[in-house]
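With mmCIF, C-alpha atoms inside, this is coords.cif:
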```cif
data_input
#
loop_
_atom_site.label_atom_id
_atom_site.label_comp_id
_atom_site.auth_asym_id
_atom_site.auth_seq_id
_atom_site.Cartn_x
_atom_site.Cartn_y
_atom_site.Cartn_z
CA MET A 3 109.47 3.75 88.73
CA SER A 4 111.92 0.97 87.97
CA ALA A 5 110.99 -1.80 85.59
CA GLY A 6 111.29 -5.35 86.92
CA PRO A 7 112.16 -4.77 90.57
CA PRO A 8 114.90 -7.00 91.98
CA ALA A 9 113.50 -9.69 94.22
CA ASN A 10 114.50 -10.16 97.83
CA PRO A 11 115.69 -13.80 98.00
CA ASP A 12 114.71 -13.99 101.69
CA TYR A 13 111.11 -13.11 101.02
CA ARG A 14 108.50 -15.81 101.57
CA PRO A 15 104.96 -15.11 100.40
CA TYR A 16 102.39 -14.86 103.21
CA GLN A 17 105.16 -14.64 105.81
CA PRO A 18 105.36 -11.08 106.99
CA ALA A 19 108.85 -9.58 106.93
CA ARG A 20 108.82 -6.56 109.21
CA TYR A 21 111.68 -4.11 109.14
CA GLN A 22 112.82 -3.04 112.61
CA ARG A 23 115.16 -0.06 112.75
CA ARG A 24 118.00 -0.49 115.23
CA MET A 25 118.60 2.27 117.73
CA PRO A 26 121.97 3.89 117.00
CA ILE A 27 124.38 4.16 119.95
CA PHE A 28 124.52 7.93 119.61
CA TRP A 29 120.74 8.33 119.42
CA TRP A 30 120.93 11.09 122.03
CA LEU A 31 122.86 13.36 119.65
CA GLY A 32 120.08 13.31 117.06
CA ARG A 33 117.76 15.71 118.86
CA LEU A 34 118.52 18.69 121.09
CA SER A 35 115.96 17.59 123.69
CA TYR A 36 117.57 14.13 123.88
CA THR A 37 121.00 15.70 124.39
CA LYS A 38 119.63 17.92 127.16
CA PHE A 39 118.04 14.88 128.77
CA ILE A 40 121.30 12.89 128.74
CA THR A 41 123.15 15.91 130.15
CA ARG A 42 120.67 16.03 133.01
CA GLU A 43 121.05 12.30 133.61
CA LEU A 44 124.85 12.69 133.69
CA THR A 45 124.57 15.37 136.38
CA SER A 46 123.33 12.56 138.66
CA LEU A 47 127.01 11.54 138.86
CA GLY A 48 127.67 14.92 140.52
CA VAL A 49 124.90 14.21 143.03
CA ALA A 50 126.40 10.77 143.76
CA TYR A 51 129.85 12.34 144.14
CA ALA A 52 128.53 14.91 146.66
CA ALA A 53 126.87 12.14 148.68
CA ILE A 54 130.07 10.06 148.76
CA LEU A 55 132.10 13.15 149.74
CA LEU A 56 129.80 13.65 152.72
CA VAL A 57 130.32 10.03 153.82
CA VAL A 58 134.09 10.39 153.48
CA GLU A 59 133.96 13.58 155.55
CA ALA A 60 131.92 11.86 158.28
CA ALA A 61 134.41 8.96 158.29
CA ALA A 62 137.29 11.44 158.71
CA VAL A 63 135.52 13.06 161.68
CA ARG A 64 135.07 9.64 163.26
CA ARG A 65 138.77 8.77 162.88
CA GLY A 66 139.76 11.80 164.95
CA PRO A 67 141.13 15.35 164.68
CA ALA A 68 144.28 14.40 162.75
CA ALA A 69 142.32 12.59 160.05
CA TYR A 70 139.84 15.45 159.78
CA ALA A 71 142.65 18.02 159.49
CA ALA A 72 144.17 15.97 156.65
CA PHE A 73 140.77 15.86 154.94
CA VAL A 74 140.37 19.65 155.25
CA GLU A 75 143.85 20.14 153.85
CA TRP A 76 142.96 17.95 150.87
CA LEU A 77 139.84 20.08 150.36
CA GLN A 78 142.03 23.17 150.06
CA ALA A 79 144.20 21.85 147.22
CA PRO A 80 143.61 24.04 144.13
CA TRP A 81 142.53 21.16 141.87
CA VAL A 82 140.02 19.97 144.51
CA ILE A 83 138.58 23.50 144.78
CA ALA A 84 138.30 23.63 140.98
CA LEU A 85 136.65 20.19 140.90
CA HIS A 86 134.18 21.15 143.62
CA GLY A 87 133.37 24.42 141.86
CA PHE A 88 132.45 22.35 138.79
CA VAL A 89 130.46 19.88 140.91
CA LEU A 90 128.56 22.81 142.44
CA LEU A 91 127.51 24.00 138.97
CA VAL A 92 126.45 20.46 138.08
CA LEU A 93 124.42 20.18 141.30
CA LEU A 94 122.74 23.55 140.68
CA PHE A 95 121.78 22.46 137.15
CA HIS A 96 120.40 19.19 138.50
CA THR A 97 118.47 20.91 141.29
CA VAL A 98 116.97 23.64 139.12
CA THR A 99 115.84 21.21 136.42
CA TRP A 100 114.46 18.88 139.11
CA LEU A 101 112.44 21.64 140.79
CA ASP A 102 111.15 22.86 137.43
CA LEU A 103 109.80 19.36 136.74
CA ALA A 104 108.05 19.13 140.12
CA PRO A 105 104.65 20.54 139.00
CA LYS A 106 104.42 17.78 136.37
CA ALA A 107 104.33 15.13 139.07
CA LEU A 108 102.45 17.01 141.75
CA VAL A 109 98.82 17.90 141.33
CA LEU A 110 97.51 19.63 144.44
CA ARG A 111 94.00 20.88 145.00
CA VAL A 112 93.07 23.70 147.31
CA GLY A 113 89.36 24.26 147.80
CA GLY A 114 88.47 22.15 144.77
CA ARG A 115 90.72 24.11 142.39
CA ARG A 116 93.98 22.88 141.00
CA LEU A 117 96.99 24.78 142.27
CA PRO A 118 98.82 26.47 139.36
CA ASP A 119 102.19 25.01 138.31
CA LEU A 120 103.98 28.22 139.25
CA ALA A 121 102.78 28.03 142.86
CA ILE A 122 104.16 24.50 143.20
CA THR A 123 107.51 25.50 141.67
CA VAL A 124 107.79 28.58 143.90
CA ALA A 125 106.92 26.51 147.01
CA HIS A 126 109.74 24.09 146.12
CA TYR A 127 112.24 26.92 145.67
CA LEU A 128 111.19 28.43 149.01
CA ALA A 129 111.62 25.05 150.73
CA TRP A 130 115.05 24.71 149.11
CA ALA A 131 116.06 28.17 150.34
CA ALA A 132 114.76 27.48 153.87
CA ILE A 133 116.60 24.14 154.17
CA SER A 134 119.78 25.70 152.77
CA ALA A 135 119.52 28.53 155.32
CA LEU A 136 119.07 25.98 158.11
CA VAL A 137 122.15 24.02 157.02
CA PHE A 138 124.12 27.26 156.70
CA TRP A 139 123.09 28.25 160.24
CA LEU A 140 124.07 24.81 161.59
CA LEU A 141 127.50 24.99 159.95
CA VAL A 142 128.42 28.64 160.31
CA GLY A 143 125.92 30.64 162.32
CA ARG A 144 125.91 28.90 165.67
CA MET B 103 112.67 23.74 91.67
CA SER B 104 109.91 26.24 91.21
CA ARG B 105 108.05 27.69 94.14
CA ASP B 106 104.92 25.68 93.61
CA THR B 107 106.45 22.22 93.59
CA VAL B 108 107.97 20.27 96.42
CA THR B 109 110.32 17.31 96.41
CA LEU B 110 109.14 14.55 98.68
CA GLU B 111 111.69 12.00 99.79
CA VAL B 112 109.65 9.04 100.90
CA GLN B 113 110.91 5.95 102.67
CA ARG B 114 109.97 2.83 100.72
CA TYR B 115 110.06 -0.68 102.10
CA ARG B 116 108.79 -3.46 99.87
CA PRO B 117 109.71 -6.69 101.66
CA GLU B 118 109.31 -8.80 98.52
CA GLU B 119 111.89 -6.62 96.76
CA GLU B 120 114.31 -5.38 99.39
CA ARG B 121 115.70 -6.31 102.79
CA GLU B 122 116.06 -2.74 104.02
CA PRO B 123 114.15 0.46 103.34
CA THR B 124 115.26 2.83 100.59
CA TRP B 125 114.37 6.45 99.80
CA GLU B 126 112.50 7.51 96.69
CA ARG B 127 111.98 11.06 95.44
CA PHE B 128 108.79 12.48 93.97
CA GLU B 129 108.17 15.94 92.55
CA VAL B 130 104.75 17.11 93.67
CA PRO B 131 102.93 20.30 92.65
CA VAL B 132 101.77 22.18 95.73
CA ARG B 133 98.38 23.79 95.98
CA LYS B 134 97.51 26.42 98.53
CA GLU B 135 97.36 25.13 102.10
CA TRP B 136 98.29 21.59 101.22
CA MET B 137 99.24 19.25 104.00
CA VAL B 138 101.94 16.58 103.78
CA LEU B 139 99.14 14.02 103.50
CA ASP B 140 97.75 15.80 100.40
CA ALA B 141 101.16 15.49 98.76
CA LEU B 142 101.31 11.77 99.62
CA ASN B 143 97.85 11.27 98.17
CA TYR B 144 98.97 13.07 95.00
CA VAL B 145 101.90 10.63 94.74
CA LYS B 146 99.57 7.67 95.23
CA GLU B 147 96.97 8.89 92.71
CA GLN B 148 99.23 10.37 90.03
CA LEU B 149 102.78 9.01 90.30
CA ASP B 150 103.02 5.64 92.03
CA GLY B 151 99.95 3.74 93.14
CA THR B 152 102.05 1.23 95.06
CA LEU B 153 102.99 3.73 97.79
CA SER B 154 101.41 2.49 101.02
CA PHE B 155 100.37 4.64 103.98
CA ARG B 156 97.48 4.92 106.42
CA TRP B 157 95.09 7.81 106.65
CA SER B 158 91.42 8.36 107.24
CA CYS B 159 89.81 11.50 108.62
CA ARG B 160 92.10 14.29 107.28
CA MET B 161 91.25 16.45 110.30
CA GLY B 162 93.53 15.36 113.12
CA VAL B 163 90.96 13.20 114.87
CA CYS B 164 91.44 9.58 113.84
CA GLY B 165 95.17 9.28 114.58
CA SER B 166 95.93 7.13 111.52
CA CYS B 167 98.36 9.27 109.54
CA GLY B 168 101.20 9.66 112.03
CA MET B 169 104.59 9.65 110.24
CA THR B 170 108.07 11.03 110.65
CA VAL B 171 108.38 14.25 108.65
CA ASP B 172 111.85 15.86 108.59
CA GLY B 173 112.71 13.86 111.69
CA GLU B 174 109.68 14.85 113.73
CA PRO B 175 106.74 12.58 114.53
CA VAL B 176 103.64 14.43 113.27
CA LEU B 177 100.14 13.88 111.97
CA THR B 178 100.62 14.40 108.22
CA CYS B 179 97.06 15.68 107.85
CA THR B 180 97.76 18.67 110.12
CA THR B 181 101.28 19.49 108.91
CA TYR B 182 101.31 22.25 106.29
CA LEU B 183 103.88 21.84 103.53
CA ASP B 184 104.42 25.61 103.86
CA SER B 185 105.61 25.10 107.43
CA LEU B 186 108.56 22.97 106.25
CA PRO B 187 111.85 24.16 104.78
CA ARG B 188 111.61 24.06 100.96
CA ASP B 189 115.29 24.34 100.12
CA ARG B 190 115.68 20.60 100.59
CA PRO B 191 113.40 17.61 100.06
CA VAL B 192 110.71 16.94 102.63
CA ARG B 193 111.61 13.56 104.13
CA VAL B 194 108.67 11.37 105.03
CA GLY B 195 109.28 8.09 106.88
CA PRO B 196 107.24 5.74 109.04
CA LEU B 197 106.95 6.39 112.78
CA ALA B 198 110.22 5.47 114.49
CA ALA B 199 110.33 2.66 117.07
CA PHE B 200 107.75 0.49 115.29
CA PRO B 201 108.33 -2.44 112.95
CA VAL B 202 107.58 -1.40 109.37
CA VAL B 203 105.09 -3.51 107.41
CA ARG B 204 105.47 -1.71 104.13
CA ASP B 205 106.56 1.82 103.09
CA LEU B 206 105.00 4.13 105.69
CA VAL B 207 102.77 1.54 107.35
CA ILE B 208 103.83 0.43 110.82
CA ASP B 209 102.87 -2.64 112.80
CA MET B 210 101.04 -1.36 115.88
CA SER B 211 100.03 -4.75 117.32
CA GLY B 212 102.66 -4.39 120.08
CA PHE B 213 100.99 -1.19 121.24
CA VAL B 214 97.52 -2.74 121.15
CA ALA B 215 98.74 -5.59 123.39
CA LYS B 216 100.27 -3.09 125.84
CA LEU B 217 97.07 -1.05 125.87
CA ALA B 218 95.01 -4.13 126.75
CA ARG B 219 97.32 -4.84 129.72
CA VAL B 220 96.28 -1.62 131.51
CA LYS B 221 92.56 -2.44 131.12
CA PRO B 222 91.42 0.85 129.59
CA TRP B 223 87.78 0.49 130.49
CA ILE B 224 85.67 1.14 133.60
CA LEU B 225 86.28 -1.55 136.22
CA ARG B 226 83.83 -1.90 139.11
CA GLN B 227 84.16 -3.73 142.41
CA GLU B 228 80.55 -2.93 143.32
CA GLU B 229 77.49 -3.45 141.20
CA PRO B 230 76.67 -0.57 138.86
CA PRO B 231 73.93 1.79 140.06
CA ALA B 232 70.43 0.31 139.86
CA ASP B 233 69.08 2.92 137.45
CA GLY B 234 72.02 2.24 135.13
CA GLU B 235 73.38 5.76 135.23
CA TYR B 236 76.61 6.98 136.77
CA LEU B 237 76.45 10.54 137.98
CA GLN B 238 79.52 12.71 137.70
CA THR B 239 80.16 16.36 138.51
CA PRO B 240 81.99 18.68 136.09
CA ALA B 241 84.93 18.73 138.53
CA GLN B 242 85.10 14.92 138.49
CA LEU B 243 85.04 15.00 134.69
CA ALA B 244 87.84 17.58 134.65
CA ASP B 245 90.05 15.20 136.64
CA TYR B 246 90.51 12.82 133.70
CA LYS B 247 89.17 14.61 130.62
CA GLN B 248 92.59 15.67 129.36
CA TYR B 249 93.73 12.02 129.24
CA SER B 250 90.57 10.95 127.44
CA MET B 251 91.56 13.10 124.46
CA CYS B 252 94.17 10.53 123.31
CA ILE B 253 93.57 9.36 119.73
CA ASN B 254 96.15 6.52 119.78
CA CYS B 255 98.17 8.17 117.01
CA LEU B 256 101.38 6.80 118.60
CA LEU B 257 103.42 9.96 118.00
CA CYS B 258 104.40 9.75 121.68
CA TYR B 259 105.86 6.26 121.20
CA ALA B 260 107.83 7.47 118.19
CA ALA B 261 109.23 10.45 120.15
CA CYS B 262 110.20 8.38 123.21
CA PRO B 263 113.77 7.00 123.17
CA ILE B 264 112.89 4.48 125.90
CA VAL B 265 110.33 2.64 123.75
CA PRO B 266 112.92 1.18 121.32
CA LEU B 267 115.53 0.76 124.08
CA GLU B 268 113.13 -1.14 126.37
CA PRO B 269 110.63 -2.90 124.10
CA ASP B 270 108.48 -4.07 127.03
CA PHE B 271 107.88 -0.51 128.30
CA VAL B 272 104.10 -0.02 128.44
CA GLY B 273 104.63 3.44 127.00
CA PRO B 274 103.19 6.95 127.19
CA ALA B 275 99.75 6.65 125.60
CA ALA B 276 98.83 3.40 127.37
CA ILE B 277 99.82 4.84 130.77
CA ALA B 278 97.95 8.09 130.08
CA LEU B 279 94.89 6.02 129.18
CA ALA B 280 95.30 3.96 132.37
CA GLN B 281 95.27 7.25 134.27
CA ARG B 282 92.21 8.31 132.29
CA TYR B 283 90.35 5.46 134.04
CA ASN B 284 92.20 5.61 137.37
CA LEU B 285 91.11 9.22 137.81
CA ASP B 286 87.53 8.57 136.69
CA SER B 287 85.15 8.71 139.69
CA ARG B 288 83.12 5.82 138.23
CA ASP B 289 86.11 3.49 138.06
CA GLN B 290 87.30 1.17 140.86
CA GLY B 291 90.16 -0.55 139.07
CA ASN B 292 93.20 1.27 140.50
CA ALA B 293 94.48 -1.81 142.33
CA GLU B 294 94.23 -3.99 139.24
CA ARG B 295 96.10 -1.47 137.12
CA LEU B 296 98.69 -0.93 139.85
CA ASP B 297 99.97 -4.46 139.25
CA VAL B 298 100.89 -3.52 135.68
CA LEU B 299 101.81 0.13 136.08
CA SER B 300 104.03 -0.17 139.16
CA GLN B 301 106.28 -2.76 137.52
CA HIS B 302 109.62 -1.82 136.03
CA ASP B 303 108.19 -1.90 132.50
CA GLY B 304 105.32 0.27 133.73
CA VAL B 305 105.94 3.81 134.92
CA TRP B 306 109.45 3.12 136.24
CA ALA B 307 110.94 2.53 132.80
CA CYS B 308 110.15 6.17 132.05
CA THR B 309 113.12 8.46 132.63
CA PHE B 310 111.10 11.61 131.90
CA VAL B 311 112.63 12.76 128.65
CA GLY B 312 109.31 14.58 128.17
CA GLU B 313 109.22 14.43 124.36
CA CYS B 314 105.96 12.44 124.38
CA SER B 315 104.13 15.49 125.71
CA VAL B 316 105.90 17.82 123.26
CA VAL B 317 104.74 15.91 120.17
CA CYS B 318 101.22 15.05 121.39
CA PRO B 319 98.73 16.67 118.98
CA LYS B 320 95.95 16.55 121.58
CA ASP B 321 97.82 18.03 124.59
CA VAL B 322 97.23 14.86 126.58
CA ASP B 323 100.57 15.30 128.41
CA PRO B 324 101.42 11.62 128.87
CA ALA B 325 104.72 12.56 130.57
CA GLY B 326 102.73 14.37 133.26
CA ALA B 327 100.43 11.35 133.65
CA ILE B 328 103.41 9.05 134.16
CA GLN B 329 105.14 11.31 136.71
CA ARG B 330 101.88 11.70 138.64
CA TYR B 331 101.50 7.96 138.71
CA LYS B 332 105.06 7.54 140.02
CA VAL B 333 104.12 9.69 143.02
CA GLU B 334 100.91 7.68 143.46
CA ALA B 335 102.69 4.30 143.19
CA THR B 336 105.33 5.40 145.71
CA ALA B 337 102.67 6.54 148.18
CA GLU B 338 100.87 3.23 147.68
CA TRP B 339 104.07 1.31 148.35
CA PHE B 340 104.78 3.24 151.56
CA GLN B 341 101.24 2.72 152.76
CA SER B 342 101.40 -1.01 152.15
CA LEU B 343 104.72 -1.06 154.03
CA LEU B 344 103.44 0.89 157.04
CA MET B 345 99.93 -0.58 157.09
CA PRO B 346 100.17 -4.08 155.63
CA TRP B 347 96.68 -4.92 156.95
CA ARG B 348 95.15 -2.21 154.79
CA GLY B 349 93.72 -3.36 151.45
CA LYS B 350 94.80 -1.74 148.22
CA SER B 351 92.64 1.25 147.37
#
```
Is it possible to express this structure as C-alpha cells?
Amino acid sequence: MSAGPPANPDYRPYQPARYQRRMPIFWWLGRLSYTKFITRELTSLGVAYAAILLVVEAAAVRRGPAAYAAFVEWLQAPWVIALHGFVLLVLLFHTVTWLDLAPKALVLRVGGRRLPDLAITVAHYLAWAAISALVFWLLVGR
Amino acid sequence: MSRDTVTLEVQRYRPEEEREPTWERFEVPVRKEWMVLDALNYVKEQLDGTLSFRWSCRMGVCGSCGMTVDGEPVLTCTTYLDSLPRDRPVRVGPLAAFPVVRDLVIDMSGFVAKLARVKPWILRQEEPPADGEYLQTPAQLADYKQYSMCINCLLCYAACPIVPLEPDFVGPAAIALAQRYNLDSRDQGNAERLDVLSQHDGVWACTFVGECSVVCPKDVDPAGAIQRYKVEATAEWFQSLLMPWRGKS
C-alpha cells in the first residue's frame, strides 16, 4: 500500500465520478468468438454481391442476345471464375452458419412436445437441398 | 511463486485518487478448493481493507459477484482458482461495459432502468380469477421456466459487444425476462412489451453474437430468447400489415 495517495484534482466530494471504459476499434480481435462473428457478418457482402450479380444478369438478358453473350463471356474470364469460386465458399459459410442458428429462433411443438434442435436443422438442410435441386432442374434439366 | 500461493492482479479505481483505473498485485495463499471470491476476501481481510467489490451468497444464486477474470465474465464465487492458469497473475477486473463506481463495483442503474421498461411482472387485461389463484399446467410452466432462472448477474451484458456499442440496447437479460412473462400463460402483456421490444434498441439491436448465452451461469439462453422474439415480432408485423383491423394479441 502506498503512503499518502496522490489526489485526483478533478475529484469533487459527493459527486460520483464513474469510469467508463471506451470500446477499442479492434474489439472484435480480442475474443475468438467475436472474430468469428465479424467474419460471418462480412460474408453478408458475398450474399449482397450474388444478389447484384443476378440483377445484372437479368438486365443483360433484357438488353438482348448480344448483351447476354458479352455477359457470359465476362463470366468466363479466369479472374471472374476465381472471384466467383471465392464468393461460393463465402456463401456456403454464410448459409451453413445461418441454418445452424435456425433452431435458436424456431421453437416448434408437435403434439405438445418441443421438436429437438436437430430435427429443425435437418428440415432446413432438406429444404435447402430441395430448392437447390429445383433451381438446378430449371436451369439445366429441362 | 510456490504452488500454494497465487498472484492476483486486481483493477483498482479510486476516483478521489486517480482519473483512470490502475492494476495492483496481491500475493494470496491458496487453500484447497478456493474460489476467486475467497482470494478477494483474503485481500480485503488481510492485505488491503479498502478493496471494494460486491458479493453475497457465495453459492452462485444471488448474482452479485460477477467480475471479469482473465478476460472472461464469471461469477467469482463459482470460479475455482485451480481452473485458472497459474503461470501468470490472475487478472480480476469489473464487468466490462458498465461504468465503474470504485475498484470492482459497477454502476448497474442503467440495467435496472432497462429492466423496468420491459415490465417484468404479470400484466392482466382481464380481472384476476375470483378465487385469487392462477392455475397452470406443468407444460405451461415449462414454456417460460428457463427464462425465470435469470439472477440478474449481468455477465451477459459484459459478454455482449453490442451493449457498449449501442448504449440504449435493452440487452440480453432484460429481453429474456420480458420473454419470461410473455410466455407465461397467466400474463396478457405481450402487446405492451411489443412496443419496447420491437424497437431498434429492443431485439433488433442484437446481431446474434451469442456470447450472452455462452457466459450465462444459469443456462437461461438469452440469445435464444431474443431470436425467438425476432420471429414473433416479424409475424406480428406481417399480421398487422395484412389484417390492420385485428387488435394486437
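Nearest residue to chain B among A:Val82, A:Ala131, A:Leu31, A:Leu77 is A:Leu31, counting all atoms listed in the file.
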Residue nearest chain A - candidates B:Ala218, B:Leu299, B:Val317, B:Leu142, atoms counted: all atoms listed in the file: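 Selected residue with least distance to chain A: B:Val317.
Interface residues of chain B facing chain A, defined by any atom at most 6 Å away and using all atoms listed in the file, are Glu118, Glu119, Glu120, Pro201, Val202, Val203, Val311, Gly326, Gln329 and Arg330 of chain B.
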Just to confirm, what's the straight-line distance from CA of Ala199 (chain B) to CA of Pro266 (chain B) in Å (one decimal)?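 Separating CA of Ala199 (chain B) from CA of Pro266 (chain B) is a distance of 5.2 Å.
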For CA of Asp245 (chain B) and CA of Thr99 (chain A), quote the distance in Å rounded to one decimal.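 Between these atoms lies a distance of 26.5 Å.
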Step by step, work through what the PyMOL selection byres ((chain B and resi 296) around 10) selects in the shown file, and finish by giving those residues as a list of chain:residue names.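 Taken on the displayed file, the PyMOL selection byres ((chain B and resi 296) around 10) yields the residues B:Val220, B:Ala280, B:Asn284, B:Gly291, B:Asn292, B:Ala293, B:Glu294, B:Arg295, B:Asp297, B:Val298, B:Leu299, B:Ser300, B:Gln301, B:Gly304, B:Val305, B:Tyr331, B:Glu334, B:Ala335, B:Glu338, B:Lys350, B:Ser351.
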Quick one: everything within 10 Å of Ala278 (chain B), counting all atoms listed in the file, minus sequence neighbours fewer than 6 positions away in the same chain. Send it as an mmCIF file with C-alpha atoms, keeping the file's coordinate frame.
```cif
data_model
loop_
_atom_site.group_PDB
_atom_site.id
_atom_site.type_symbol
_atom_site.label_atom_id
_atom_site.label_comp_id
_atom_site.auth_asym_id
_atom_site.auth_seq_id
_atom_site.Cartn_x
_atom_site.Cartn_y
_atom_site.Cartn_z
ATOM 1 C CA VAL B 220 96.280 -1.620 131.510
ATOM 2 C CA PRO B 222 91.420 0.850 129.590
ATOM 3 C CA TYR B 246 90.510 12.820 133.700
ATOM 4 C CA GLN B 248 92.590 15.670 129.360
ATOM 5 C CA TYR B 249 93.730 12.020 129.240
ATOM 6 C CA SER B 250 90.570 10.950 127.440
ATOM 7 C CA MET B 251 91.560 13.100 124.460
ATOM 8 C CA CYS B 252 94.170 10.530 123.310
ATOM 9 C CA ASN B 284 92.200 5.610 137.370
ATOM 10 C CA VAL B 322 97.230 14.860 126.580
ATOM 11 C CA ASP B 323 100.570 15.300 128.410
ATOM 12 C CA PRO B 324 101.420 11.620 128.870
ATOM 13 C CA ALA B 325 104.720 12.560 130.570
ATOM 14 C CA GLY B 326 102.730 14.370 133.260
ATOM 15 C CA ALA B 327 100.430 11.350 133.650
ATOM 16 C CA ILE B 328 103.410 9.050 134.160
ATOM 17 C CA TYR B 331 101.500 7.960 138.710
#
```
Counting only C-alpha atoms, write as a count of residues only all protein and nucleic acid residues lying at most 9 Å from (82.3, 9.4, 140.3) in the file's frame. 10
How many Å lie between CA of Thr181 (chain B) and CA of Cys318 (chain B), rounded to one decimal?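 Taking CA of Thr181 (chain B) as the start and CA of Cys318 (chain B) as the end point, the length is 13.2 Å.
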Any chance you could resolve the PyMOL selection byres ((chain B and resi 185) around 12) against this file and give the residues as a compact mmCIF listing (two decimals) with C-alpha atoms, in the frame of the given file?
```
# COMPACT_ATOMS: atom_id res chain seq x y z
CA GLU B 135 97.36 25.13 102.10
CA TRP B 136 98.29 21.59 101.22
CA MET B 137 99.24 19.25 104.00
CA VAL B 138 101.94 16.58 103.78
CA VAL B 171 108.38 14.25 108.65
CA ASP B 172 111.85 15.86 108.59
CA THR B 178 100.62 14.40 108.22
CA THR B 180 97.76 18.67 110.12
CA THR B 181 101.28 19.49 108.91
CA TYR B 182 101.31 22.25 106.29
CA LEU B 183 103.88 21.84 103.53
CA ASP B 184 104.42 25.61 103.86
CA LEU B 186 108.56 22.97 106.25
CA PRO B 187 111.85 24.16 104.78
CA ARG B 188 111.61 24.06 100.96
CA VAL B 192 110.71 16.94 102.63
```
Given the file above and the PyMOL selection byres ((chain B and resi 205-210) around 9), which residues are selected, and can you give them as a PyMOL selection string? (chain A and resi 20) or (chain B and resi 112-116+123+153-156+169+194-198+200-204+211-215+256)
Taking C-alpha atoms for each residue, export the selection above as a tab-separated table (two decimals), in the coordinates of the input.
```tsv
chain	number	residue	atom	x	y	z
A	20	ARG	CA	108.82	-6.56	109.21
B	112	VAL	CA	109.65	9.04	100.90
B	113	GLN	CA	110.91	5.95	102.67
B	114	ARG	CA	109.97	2.83	100.72
B	115	TYR	CA	110.06	-0.68	102.10
B	116	ARG	CA	108.79	-3.46	99.87
B	123	PRO	CA	114.15	0.46	103.34
B	153	LEU	CA	102.99	3.73	97.79
B	154	SER	CA	101.41	2.49	101.02
B	155	PHE	CA	100.37	4.64	103.98
B	156	ARG	CA	97.48	4.92	106.42
B	169	MET	CA	104.59	9.65	110.24
B	194	VAL	CA	108.67	11.37	105.03
B	195	GLY	CA	109.28	8.09	106.88
B	196	PRO	CA	107.24	5.74	109.04
B	197	LEU	CA	106.95	6.39	112.78
B	198	ALA	CA	110.22	5.47	114.49
B	200	PHE	CA	107.75	0.49	115.29
B	201	PRO	CA	108.33	-2.44	112.95
B	202	VAL	CA	107.58	-1.40	109.37
B	203	VAL	CA	105.09	-3.51	107.41
B	204	ARG	CA	105.47	-1.71	104.13
B	211	SER	CA	100.03	-4.75	117.32
B	212	GLY	CA	102.66	-4.39	120.08
B	213	PHE	CA	100.99	-1.19	121.24
B	214	VAL	CA	97.52	-2.74	121.15
B	215	ALA	CA	98.74	-5.59	123.39
B	256	LEU	CA	101.38	6.80	118.60
```
With all atoms listed in the file as the atoms that count, which of B:Lys221, B:Gly312, B:Thr336, B:Thr109 lies nearest to Gln281 (chain B)? B:Lys221
Could you tell me which of B:Leu110, B:Leu149, B:Cys262, B:Val176 comes closest to Lys320 (chain B) if we count only C-alpha atoms?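 Smallest separation from Lys320 (chain B) among the options: B:Val176.
Each of B:Glu122, B:Asp150, B:Glu129, B:Glu229 was checked against Asp106 (chain B) using only C-alpha atoms; the smallest atom-to-atom distance is that of B:Glu129.
Between Glu228 (chain B) and the residues B:Leu177, B:Gln290, B:Leu267, B:Arg190, the shortest atom-to-atom distance, using only C-alpha atoms, involves B:Gln290.
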